[in-house]
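As provided, start_10.cif (mmCIF, C-alpha atoms) reads as follows.
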```
data_work
#
loop_
_atom_site.label_atom_id
_atom_site.label_comp_id
_atom_site.auth_asym_id
_atom_site.auth_seq_id
_atom_site.Cartn_x
_atom_site.Cartn_y
_atom_site.Cartn_z
CA MET V 1330 6.06 15.32 -4.61
CA ILE V 1331 6.65 16.04 -0.92
CA ALA V 1332 2.96 16.83 -0.39
CA THR V 1333 1.94 13.55 -2.03
CA PHE V 1334 4.31 11.52 0.13
CA ALA V 1335 3.11 13.31 3.25
CA ILE V 1336 -0.50 12.54 2.32
CA LEU V 1337 0.25 8.88 1.53
CA LEU V 1338 2.14 8.45 4.81
CA LEU V 1339 -0.66 10.19 6.75
CA PHE V 1340 -3.21 7.77 5.32
CA GLN V 1341 -0.89 4.85 6.04
CA CYS V 1342 -0.50 6.04 9.65
CA ALA V 1343 -4.26 6.29 10.00
CA GLY V 1344 -4.68 2.80 8.52
CA GLU V 1345 -2.01 1.29 10.79
CA ALA V 1346 -3.58 2.98 13.83
CA ILE V 1347 -7.06 1.65 12.99
CA SER V 1348 -5.75 -1.86 12.22
CA PHE V 1349 -3.79 -1.98 15.49
CA GLY V 1350 -6.36 -0.15 17.62
CA PHE V 1351 -9.27 -2.39 16.67
CA GLY V 1352 -7.12 -5.53 16.39
CA LEU V 1353 -8.24 -6.01 12.76
CA PRO V 1354 -6.75 -8.78 10.58
CA VAL V 1355 -6.71 -6.31 7.62
CA PRO V 1356 -3.22 -4.78 7.10
CA GLY V 1357 -2.82 -1.07 7.92
CA PRO V 1358 -1.72 0.06 4.42
CA VAL V 1359 -4.85 -1.60 2.94
CA ILE V 1360 -7.07 0.33 5.36
CA GLY V 1361 -5.08 3.44 4.40
CA MET V 1362 -5.87 2.67 0.75
CA LEU V 1363 -9.61 2.34 1.53
CA LEU V 1364 -9.56 5.67 3.39
CA LEU V 1365 -7.70 7.41 0.54
CA PHE V 1366 -10.15 5.89 -1.96
CA ALA V 1367 -13.08 7.37 -0.04
CA ALA V 1368 -11.30 10.72 0.24
CA LEU V 1369 -10.48 10.79 -3.49
CA ALA V 1370 -14.07 9.93 -4.40
CA ALA V 1371 -15.18 12.91 -2.31
CA SER V 1372 -12.55 15.45 -3.31
CA ALA V 1373 -11.36 16.24 -6.84
CA ARG V 1374 -8.83 18.65 -5.37
CA LEU V 1375 -7.09 15.88 -3.46
CA MET V 1376 -6.90 13.83 -6.67
CA ALA V 1377 -5.24 16.76 -8.44
CA ILE V 1378 -2.58 16.93 -5.70
CA VAL V 1379 -1.64 13.24 -5.47
CA GLU V 1380 -2.21 11.95 -8.99
CA THR V 1381 1.11 12.76 -10.69
CA THR V 1382 3.54 11.61 -7.99
CA GLY V 1383 1.27 8.74 -6.93
CA SER V 1384 1.14 7.36 -10.45
CA GLU V 1385 4.91 7.74 -10.78
CA LEU V 1386 5.39 5.72 -7.58
CA LEU V 1387 3.06 3.00 -8.87
CA ARG V 1388 4.87 2.83 -12.20
CA HIS V 1389 7.96 1.59 -10.38
CA MET V 1390 6.09 -0.52 -7.86
CA SER V 1391 7.60 -3.80 -9.16
CA LEU V 1392 11.00 -2.75 -7.80
CA LEU V 1393 9.58 -2.58 -4.28
CA PHE V 1394 8.79 -6.33 -4.21
CA VAL V 1395 12.39 -7.40 -4.81
CA PRO V 1396 13.78 -7.20 -1.22
CA ALA V 1397 10.93 -9.28 0.20
CA GLY V 1398 11.01 -11.70 -2.72
CA VAL V 1399 14.71 -12.40 -2.17
CA GLY V 1400 13.62 -13.76 1.22
CA ILE V 1401 12.58 -16.87 -0.69
CA MET V 1402 16.20 -18.03 -0.23
CA THR V 1403 15.42 -18.48 3.46
CA ALA V 1404 12.12 -20.32 2.85
CA GLY V 1405 13.62 -23.53 1.44
CA ALA V 1406 12.88 -25.69 4.49
CA ALA V 1407 9.22 -24.68 4.68
CA VAL V 1408 8.67 -25.30 0.98
CA SER V 1409 10.63 -28.53 0.42
CA GLY V 1410 8.35 -31.51 -0.13
CA HIS V 1411 5.40 -29.23 -0.92
CA LEU V 1412 6.45 -27.92 -4.33
CA LEU V 1413 3.99 -30.06 -6.30
CA GLY V 1414 1.10 -29.17 -3.97
CA LEU V 1415 1.90 -25.46 -4.23
CA ALA V 1416 2.18 -25.63 -8.02
CA LEU V 1417 -1.11 -27.52 -8.45
CA ALA V 1418 -2.96 -25.24 -6.01
CA LEU V 1419 -1.58 -22.18 -7.78
CA VAL V 1420 -2.32 -23.18 -11.39
CA GLY V 1421 -5.67 -24.83 -10.58
CA SER V 1422 -7.01 -21.94 -8.53
CA THR V 1423 -5.85 -19.31 -11.02
CA LEU V 1424 -7.56 -20.98 -13.99
CA LEU V 1425 -10.70 -21.56 -11.92
CA THR V 1426 -10.72 -17.91 -10.79
CA LEU V 1427 -10.45 -16.65 -14.38
CA ALA V 1428 -13.33 -18.90 -15.47
CA VAL V 1429 -15.62 -18.20 -12.49
CA THR V 1430 -15.11 -14.42 -12.60
CA ALA V 1431 -15.73 -14.22 -16.35
CA LEU V 1432 -18.76 -16.55 -16.35
CA VAL V 1433 -20.43 -14.83 -13.37
CA MET V 1434 -19.83 -11.38 -14.87
CA ARG V 1435 -21.25 -12.44 -18.24
CA ALA V 1436 -24.34 -13.97 -16.58
CA ALA V 1437 -24.84 -10.90 -14.37
CA LEU V 1438 -24.51 -8.55 -17.34
CA ARG V 1439 -27.18 -10.47 -19.23
CA HIS V 1440 -29.40 -10.60 -16.17
CA THR V 1441 -29.18 -6.86 -15.40
CA GLN V 1442 -29.27 -6.05 -19.13
CA ALA V 1443 -26.76 -3.34 -18.45
CA GLY V 1444 -26.25 -3.07 -22.15
CA ASN V 1445 -22.90 -3.45 -23.84
CA PRO V 1446 -20.12 -2.89 -21.31
CA ASP V 1447 -17.66 -2.61 -24.19
CA ALA V 1448 -19.39 0.55 -25.38
CA MET N 114 53.43 -6.36 -0.91
CA LEU N 115 50.30 -4.64 -2.18
CA ASP N 116 48.62 -5.27 1.16
CA ALA N 117 51.47 -3.60 2.94
CA ALA N 118 51.40 -0.61 0.59
CA LEU N 119 47.63 -0.12 0.69
CA PRO N 120 46.46 -1.56 4.01
CA GLN N 121 43.01 0.03 3.69
CA TRP N 122 42.08 -1.78 0.46
CA GLY N 123 42.02 -5.20 2.07
CA ARG N 124 39.19 -4.06 4.32
CA VAL N 125 37.09 -2.22 1.76
CA TRP N 126 34.51 -4.98 1.43
CA VAL N 127 34.21 -5.35 5.20
CA TYR N 128 33.75 -1.58 5.44
CA LEU N 129 31.09 -1.43 2.69
CA ALA N 130 29.24 -4.54 3.88
CA ALA N 131 28.61 -2.89 7.24
CA SER N 132 26.68 -0.09 5.52
CA PRO N 133 23.29 -0.27 3.74
CA LEU N 134 24.99 0.50 0.42
CA PRO N 135 25.60 -2.99 -1.05
CA GLY N 136 22.01 -4.17 -0.45
CA LEU N 137 20.52 -1.05 -1.99
CA THR N 138 22.92 -0.95 -4.93
CA LEU N 139 22.37 -4.64 -5.65
CA THR N 140 18.56 -4.27 -5.55
CA LEU N 141 18.42 -1.33 -7.94
CA SER N 142 21.06 -2.74 -10.32
CA ALA N 143 19.39 -6.15 -10.49
CA TYR N 144 16.04 -4.52 -11.19
CA ALA N 145 17.52 -2.29 -13.91
CA VAL N 146 19.05 -5.35 -15.63
CA ALA N 147 15.81 -7.34 -15.23
CA HIS N 148 13.77 -4.51 -16.68
CA ALA N 149 16.10 -4.26 -19.69
CA ILE N 150 15.61 -7.99 -20.30
CA TYR N 151 11.83 -7.55 -19.95
CA ALA N 152 11.86 -4.71 -22.52
CA ARG N 153 14.10 -6.81 -24.81
CA SER N 154 11.48 -9.63 -24.70
CA LYS N 155 8.83 -7.10 -25.83
CA PHE N 156 7.21 -7.29 -22.36
CA SER N 157 6.48 -11.00 -22.42
CA PRO N 158 4.81 -12.12 -19.15
CA LEU N 159 7.34 -14.98 -19.03
CA ALA N 160 10.18 -12.46 -18.60
CA ASN N 161 8.66 -10.91 -15.47
CA PRO N 162 11.15 -8.32 -14.18
CA VAL N 163 10.46 -9.01 -10.49
CA ALA N 164 11.12 -12.73 -10.90
CA ILE N 165 14.35 -12.07 -12.85
CA ALA N 166 15.54 -9.40 -10.38
CA ILE N 167 14.92 -11.74 -7.42
CA ALA N 168 16.82 -14.55 -9.16
CA LEU N 169 19.74 -12.19 -9.90
CA VAL N 170 19.97 -10.93 -6.31
CA VAL N 171 19.73 -14.46 -4.88
CA ALA N 172 22.49 -15.59 -7.27
CA VAL N 173 24.77 -12.71 -6.21
CA LEU N 174 24.10 -13.32 -2.50
CA LEU N 175 24.83 -17.04 -2.81
CA ALA N 176 28.00 -16.38 -4.82
CA SER N 177 29.29 -13.68 -2.45
CA GLY N 178 28.27 -15.42 0.77
CA MET N 179 26.32 -12.37 1.96
CA SER N 180 23.41 -13.35 4.22
CA TYR N 181 19.81 -12.32 3.58
CA HIS N 182 19.86 -10.53 6.91
CA ASP N 183 22.81 -8.33 5.86
CA TYR N 184 21.28 -7.74 2.42
CA PHE N 185 17.97 -6.68 3.91
CA ALA N 186 19.67 -4.16 6.22
CA GLY N 187 20.19 -2.10 3.05
CA ALA N 188 17.22 -3.24 0.97
CA GLN N 189 14.74 -2.37 3.73
CA PHE N 190 14.71 1.24 2.49
CA VAL N 191 13.17 0.04 -0.78
CA HIS N 192 10.93 -2.39 1.09
CA PHE N 193 9.55 0.40 3.28
CA LEU N 194 8.06 2.17 0.26
CA LEU N 195 5.63 -0.75 -0.22
CA GLY N 196 3.37 0.79 2.45
CA PRO N 197 2.85 4.21 0.80
CA ALA N 198 2.66 2.48 -2.61
CA THR N 199 -0.16 0.28 -1.34
CA VAL N 200 -2.03 3.38 -0.15
CA ALA N 201 -1.41 4.93 -3.59
CA LEU N 202 -3.27 2.04 -5.27
CA ALA N 203 -6.40 4.02 -4.36
CA ILE N 204 -5.49 6.59 -7.06
CA PRO N 205 -6.02 4.46 -10.22
CA LEU N 206 -9.00 2.82 -8.54
CA ALA N 207 -10.69 6.18 -7.84
CA ARG N 208 -10.06 7.05 -11.52
CA GLN N 209 -12.28 4.06 -12.43
CA LEU N 210 -15.25 5.27 -10.37
CA PRO N 211 -17.51 6.09 -13.37
CA ARG N 212 -17.11 2.53 -14.73
CA LEU N 213 -17.67 1.10 -11.25
CA ARG N 214 -20.90 3.10 -10.80
CA ARG N 215 -22.24 2.17 -14.24
CA LEU N 216 -21.75 -1.59 -13.82
CA PHE N 217 -21.93 -1.82 -10.04
CA LEU N 218 -24.06 -4.94 -9.66
CA PRO N 219 -22.46 -7.21 -12.31
CA LEU N 220 -18.99 -6.20 -11.14
CA CYS N 221 -19.87 -6.88 -7.49
CA CYS N 222 -21.19 -10.36 -8.32
CA ALA N 223 -18.17 -11.25 -10.45
CA LEU N 224 -15.73 -9.83 -7.88
CA THR N 225 -17.22 -11.68 -4.92
CA ALA N 226 -17.36 -14.98 -6.81
CA GLY N 227 -13.85 -14.55 -8.20
CA CYS N 228 -12.27 -13.45 -4.93
CA ALA N 229 -13.79 -16.32 -2.96
CA THR N 230 -12.78 -18.80 -5.68
CA ALA N 231 -9.19 -17.53 -5.76
CA ILE N 232 -8.75 -17.95 -2.01
CA LEU N 233 -10.78 -21.11 -1.41
CA ALA N 234 -9.64 -23.11 -4.46
CA ALA N 235 -5.97 -22.54 -3.67
CA VAL N 236 -6.39 -23.28 0.03
CA VAL N 237 -8.60 -26.36 -0.46
CA ILE N 238 -6.26 -27.90 -3.06
CA LEU N 239 -3.16 -27.26 -0.96
CA ASP N 240 -4.87 -28.49 2.22
CA TYR N 241 -5.92 -31.68 0.39
CA LEU N 242 -2.34 -32.22 -0.79
CA GLY N 243 -1.01 -31.94 2.75
CA GLY N 244 0.15 -28.32 2.90
CA THR N 245 1.12 -26.89 6.31
CA ALA N 246 -0.79 -24.02 7.95
CA GLN N 247 2.14 -21.71 7.16
CA LEU N 248 1.96 -22.59 3.45
CA ILE N 249 -1.85 -22.22 3.41
CA ALA N 250 -1.57 -18.73 4.92
CA SER N 251 1.08 -17.94 2.29
CA ILE N 252 -0.97 -19.02 -0.74
CA GLY N 253 -4.44 -17.79 0.39
CA PRO N 254 -4.09 -14.13 -0.70
CA LYS N 255 -2.05 -14.88 -3.85
CA SER N 256 -4.48 -13.29 -6.36
CA ALA N 257 -4.23 -9.86 -4.69
CA SER N 258 -1.55 -7.34 -5.67
CA THR N 259 1.84 -8.19 -4.16
CA PRO N 260 1.93 -5.60 -1.33
CA ILE N 261 -1.55 -6.51 -0.16
CA ALA N 262 -0.96 -10.25 -0.46
CA MET N 263 2.32 -10.01 1.46
CA ALA N 264 0.78 -7.94 4.24
CA VAL N 265 -2.17 -10.35 4.57
CA SER N 266 0.13 -13.37 4.52
CA GLU N 267 2.30 -11.90 7.27
CA LYS N 268 -0.73 -11.12 9.45
CA LEU N 269 -2.01 -14.70 9.07
CA GLY N 270 1.32 -16.33 9.93
CA GLY N 271 2.50 -17.09 6.39
CA LEU N 272 5.86 -16.39 4.76
CA PRO N 273 5.66 -13.02 2.96
CA ALA N 274 8.64 -13.92 0.72
CA LEU N 275 6.94 -17.12 -0.43
CA THR N 276 3.71 -15.17 -0.99
CA ALA N 277 5.58 -12.65 -3.16
CA VAL N 278 6.85 -15.47 -5.37
CA LEU N 279 3.42 -17.18 -5.49
CA VAL N 280 1.76 -13.88 -6.43
CA ILE N 281 4.16 -13.39 -9.34
CA ALA N 282 3.63 -16.99 -10.50
CA THR N 283 -0.15 -16.50 -10.30
CA GLY N 284 0.13 -13.40 -12.45
CA ILE N 285 2.23 -15.19 -15.05
CA VAL N 286 -0.13 -18.22 -15.21
CA GLY N 287 -3.17 -15.98 -15.75
CA ALA N 288 -1.47 -13.73 -18.29
CA VAL N 289 -0.20 -16.71 -20.32
CA ALA N 290 -3.29 -18.96 -20.10
CA GLY N 291 -6.06 -16.35 -20.15
CA ARG N 292 -6.66 -16.07 -23.88
CA THR N 293 -6.87 -19.84 -24.49
CA LEU N 294 -9.24 -20.30 -21.55
CA PHE N 295 -11.54 -17.43 -22.59
CA ASN N 296 -11.67 -18.73 -26.16
CA ALA N 297 -12.63 -22.20 -24.89
CA LEU N 298 -15.40 -20.66 -22.75
CA ARG N 299 -16.50 -18.46 -25.69
CA ILE N 300 -16.06 -15.26 -23.72
CA ASP N 301 -15.48 -12.46 -26.22
CA SER N 302 -16.23 -9.21 -24.38
CA HIS N 303 -13.07 -7.24 -23.65
CA ALA N 304 -14.68 -5.86 -20.49
CA VAL N 305 -15.36 -9.34 -19.12
CA ARG N 306 -11.95 -10.72 -20.14
CA GLY N 307 -10.18 -7.74 -18.63
CA PHE N 308 -12.04 -7.80 -15.33
CA ALA N 309 -11.40 -11.55 -14.91
CA LEU N 310 -7.69 -11.08 -15.68
CA GLY N 311 -7.42 -8.31 -13.10
CA VAL N 312 -9.21 -10.29 -10.39
CA ALA N 313 -7.23 -13.50 -10.97
CA SER N 314 -3.84 -12.13 -11.95
CA HIS N 315 -3.54 -8.58 -10.49
CA GLY N 316 -0.91 -6.29 -12.05
CA ILE N 317 0.66 -8.86 -14.36
CA GLY N 318 -2.76 -9.77 -15.79
CA THR N 319 -3.55 -6.06 -16.07
CA ALA N 320 -0.33 -5.35 -17.96
CA ARG N 321 -1.23 -8.18 -20.35
CA ALA N 322 -4.77 -6.78 -20.79
CA PHE N 323 -3.40 -3.32 -21.67
CA GLN N 324 -1.41 -4.96 -24.48
CA VAL N 325 -4.69 -6.15 -26.05
CA SER N 326 -6.81 -2.98 -25.70
CA PRO N 327 -7.07 0.08 -23.41
CA GLU N 328 -10.57 -1.00 -22.51
CA MET N 329 -9.52 -4.49 -21.43
CA GLY N 330 -6.74 -2.86 -19.44
CA ALA N 331 -9.08 -0.42 -17.69
CA PHE N 332 -11.40 -3.21 -16.57
CA ALA N 333 -8.41 -5.30 -15.49
CA GLY N 334 -7.15 -2.41 -13.37
CA LEU N 335 -10.57 -2.12 -11.79
CA GLY N 336 -10.67 -5.89 -11.10
CA MET N 337 -7.18 -5.79 -9.60
CA GLY N 338 -7.98 -2.87 -7.30
CA LEU N 339 -11.29 -4.23 -6.08
CA ASN N 340 -9.90 -7.72 -5.55
CA GLY N 341 -6.99 -6.36 -3.54
CA MET N 342 -9.39 -4.68 -1.15
CA LEU N 343 -11.78 -7.63 -0.90
CA THR N 344 -8.98 -10.19 -0.47
CA ALA N 345 -7.64 -8.25 2.51
CA VAL N 346 -11.08 -8.47 4.11
CA LEU N 347 -12.13 -12.00 3.02
CA ALA N 348 -8.85 -13.94 3.32
CA PRO N 349 -8.46 -13.69 7.13
CA TRP N 350 -12.08 -14.76 7.54
CA LEU N 351 -12.07 -17.64 4.98
CA LEU N 352 -8.66 -18.92 6.06
CA GLY N 353 -9.85 -19.07 9.66
CA TYR N 354 -11.39 -22.44 8.84
CA PHE N 355 -8.10 -23.91 7.62
CA LEU N 356 -5.50 -22.50 10.02
#
```
Could you rewrite the structure in this file as structure tokens?
Amino acid sequence: MIATFAILLLFQCAGEAISFGFGLPVPGPVIGMLLLFAALAASARLMAIVETTGSELLRHMSLLFVPAGVGIMTAGAAVSGHLLGLALALVGSTLLTLAVTALVMRAALRHTQAGNPDA
Amino acid sequence: MLDAALPQWGRVWVYLAASPLPGLTLTLSAYAVAHAIYARSKFSPLANPVAIAIALVVAVLLASGMSYHDYFAGAQFVHFLLGPATVALAIPLARQLPRLRRLFLPLCCALTAGCATAILAAVVILDYLGGTAQLIASIGPKSASTPIAMAVSEKLGGLPALTAVLVIATGIVGAVAGRTLFNALRIDSHAVRGFALGVASHGIGTARAFQVSPEMGAFAGLGMGLNGMLTAVLAPWLLGYFL
């Protein structure tokens, strides 16, 4: 468990350093995730070390959103008067995203004749 | 009389409120209650535990008069773990590598189209309806997983708290509406349905997909992971035209 946390924090540090150093708009933890992804693809041993604790952390990830989400109580002024716009943008874009992703994937599967992806 | 006998007890709340304990205790208790409700509802997407936990904490804070600032002084210890957890998202994604290699091209096409649609459609609609730059930056990354979306929103000048709520709402909309929409479009493949759910509705869509079949869930997890990465790269660039 300690080793996994040390590894995750190391990758986060590296990500934060790269994001800050190059002035990138991509958040540090996301860059850390990309780096860990590359490392895991290259090393099965690393996967064996981090998998158990990492998966345990992810299982309870929902809890970690609560403190930031409670901040919504301070966002009233910014949101007031825009509730309908936010709701329409949210529902419209989500339905459109589902449709576009599914239709493009189906067309691309037929085009590449990759066979049955369900197999 | 009691006050005189036990002078310390009158100041207990003041004493506790100055420590991180109340914020932490409240966060974990609210989540435990919310999760019990979620399990009671047989994991219905409408009973999302994060949404319920947030509502419970807000209700307690408003009732007790505790400020968000004081609450966060304790809750920040939970909040901090978002960073390592975001890094850990690479683990399930790396597990999906064989699927990713096998269907690389179709998945890339679908991901790029879906990711761009998720960001642009939301931003264009909100911009048309008069949304402020702050709100546009908050809604842009809403199809990515919560930690990624919040981090992107913060970097672009949005409100991470609002983004967290929009992300959850996006997940619920996709999880609830997905089946009807796919039926109308005559999309039957579990792989295609799952991937679209993951791209559009991240973890909540993925949880819904796992309820249907392990295969739909696996593709949803892949869609969620890939879209999280791509959103972090595309959103700052696409939103540059609107901010």
Using the chain letters and residue numbers of this document, give as a count of residues only the residues selected by the PyMOL selection byres ((chain N and resi 263) around 10). 30
Kindly provide the residues of segment 1360-1429 of chain V that approach segment 210-225 of chain N to within 12 Å, each paired with its closest atom pair and their distance in Å to one decimal, based on all atoms listed in the file, listed by chain and increasing number, as CSV.
```
residue,atom,partner,partner_atom,distance
V:Phe1366,CA,N:Leu210,CA,9.9
V:Ala1367,CA,N:Leu210,CA,10.8
V:Leu1369,CA,N:Leu210,CA,10.0
V:Ala1370,CA,N:Leu210,CA,7.7
V:Ala1371,CA,N:Leu210,CA,11.1
V:Thr1426,CA,N:Leu224,CA,9.9
V:Leu1427,CA,N:Ala223,CA,10.2
V:Ala1428,CA,N:Ala223,CA,10.4
V:Val1429,CA,N:Ala223,CA,7.7
```
With C-alpha atoms retained, write the just-selected residues as a PDB file, in the frame of the given file.
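Contents of part_26.pdb, as written:
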```
ATOM      1  CA  PHE V1366     -10.150   5.890  -1.960  1.00  0.00           C
ATOM      2  CA  ALA V1367     -13.080   7.370  -0.040  1.00  0.00           C
ATOM      3  CA  LEU V1369     -10.480  10.790  -3.490  1.00  0.00           C
ATOM      4  CA  ALA V1370     -14.070   9.930  -4.400  1.00  0.00           C
ATOM      5  CA  ALA V1371     -15.180  12.910  -2.310  1.00  0.00           C
ATOM      6  CA  THR V1426     -10.720 -17.910 -10.790  1.00  0.00           C
ATOM      7  CA  LEU V1427     -10.450 -16.650 -14.380  1.00  0.00           C
ATOM      8  CA  ALA V1428     -13.330 -18.900 -15.470  1.00  0.00           C
ATOM      9  CA  VAL V1429     -15.620 -18.200 -12.490  1.00  0.00           C
TER      10      VAL V1429
END
```
Would you mind listing, as number ranges by chain, all residues of chain V that have at least one atom within 7 Å of chain N, where only C-alpha atoms are what counts? V: 1337-1338, 1341, 1354-1356, 1358-1359, 1361-1363, 1365-1366, 1369-1370, 1380, 1383, 1386-1387, 1390-1402, 1404, 1411, 1414-1415, 1418-1420, 1422-1424, 1426-1427, 1429-1431, 1433-1435, 1437-1438, 1446-1447
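For the atom pair formed by atom CA of Ala246 of chain N and atom CA of Leu1412 of chain V, the distance is 14.8 Å, given to one decimal.
Atom to atom, atom CA of Leu356 of chain N and atom CA of Ala250 of chain N stand 7.5 Å apart.
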Atom CA of Gly1344 of chain V to atom CA of Ala1373 of chain V measures 21.5 Å
Closest to Ala1332 of chain V among V:Ala1368, V:Leu1375, V:Val1408, V:Ile1360, using all atoms listed in the file?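 So, comparing all the options, the nearest one is V:Leu1375.
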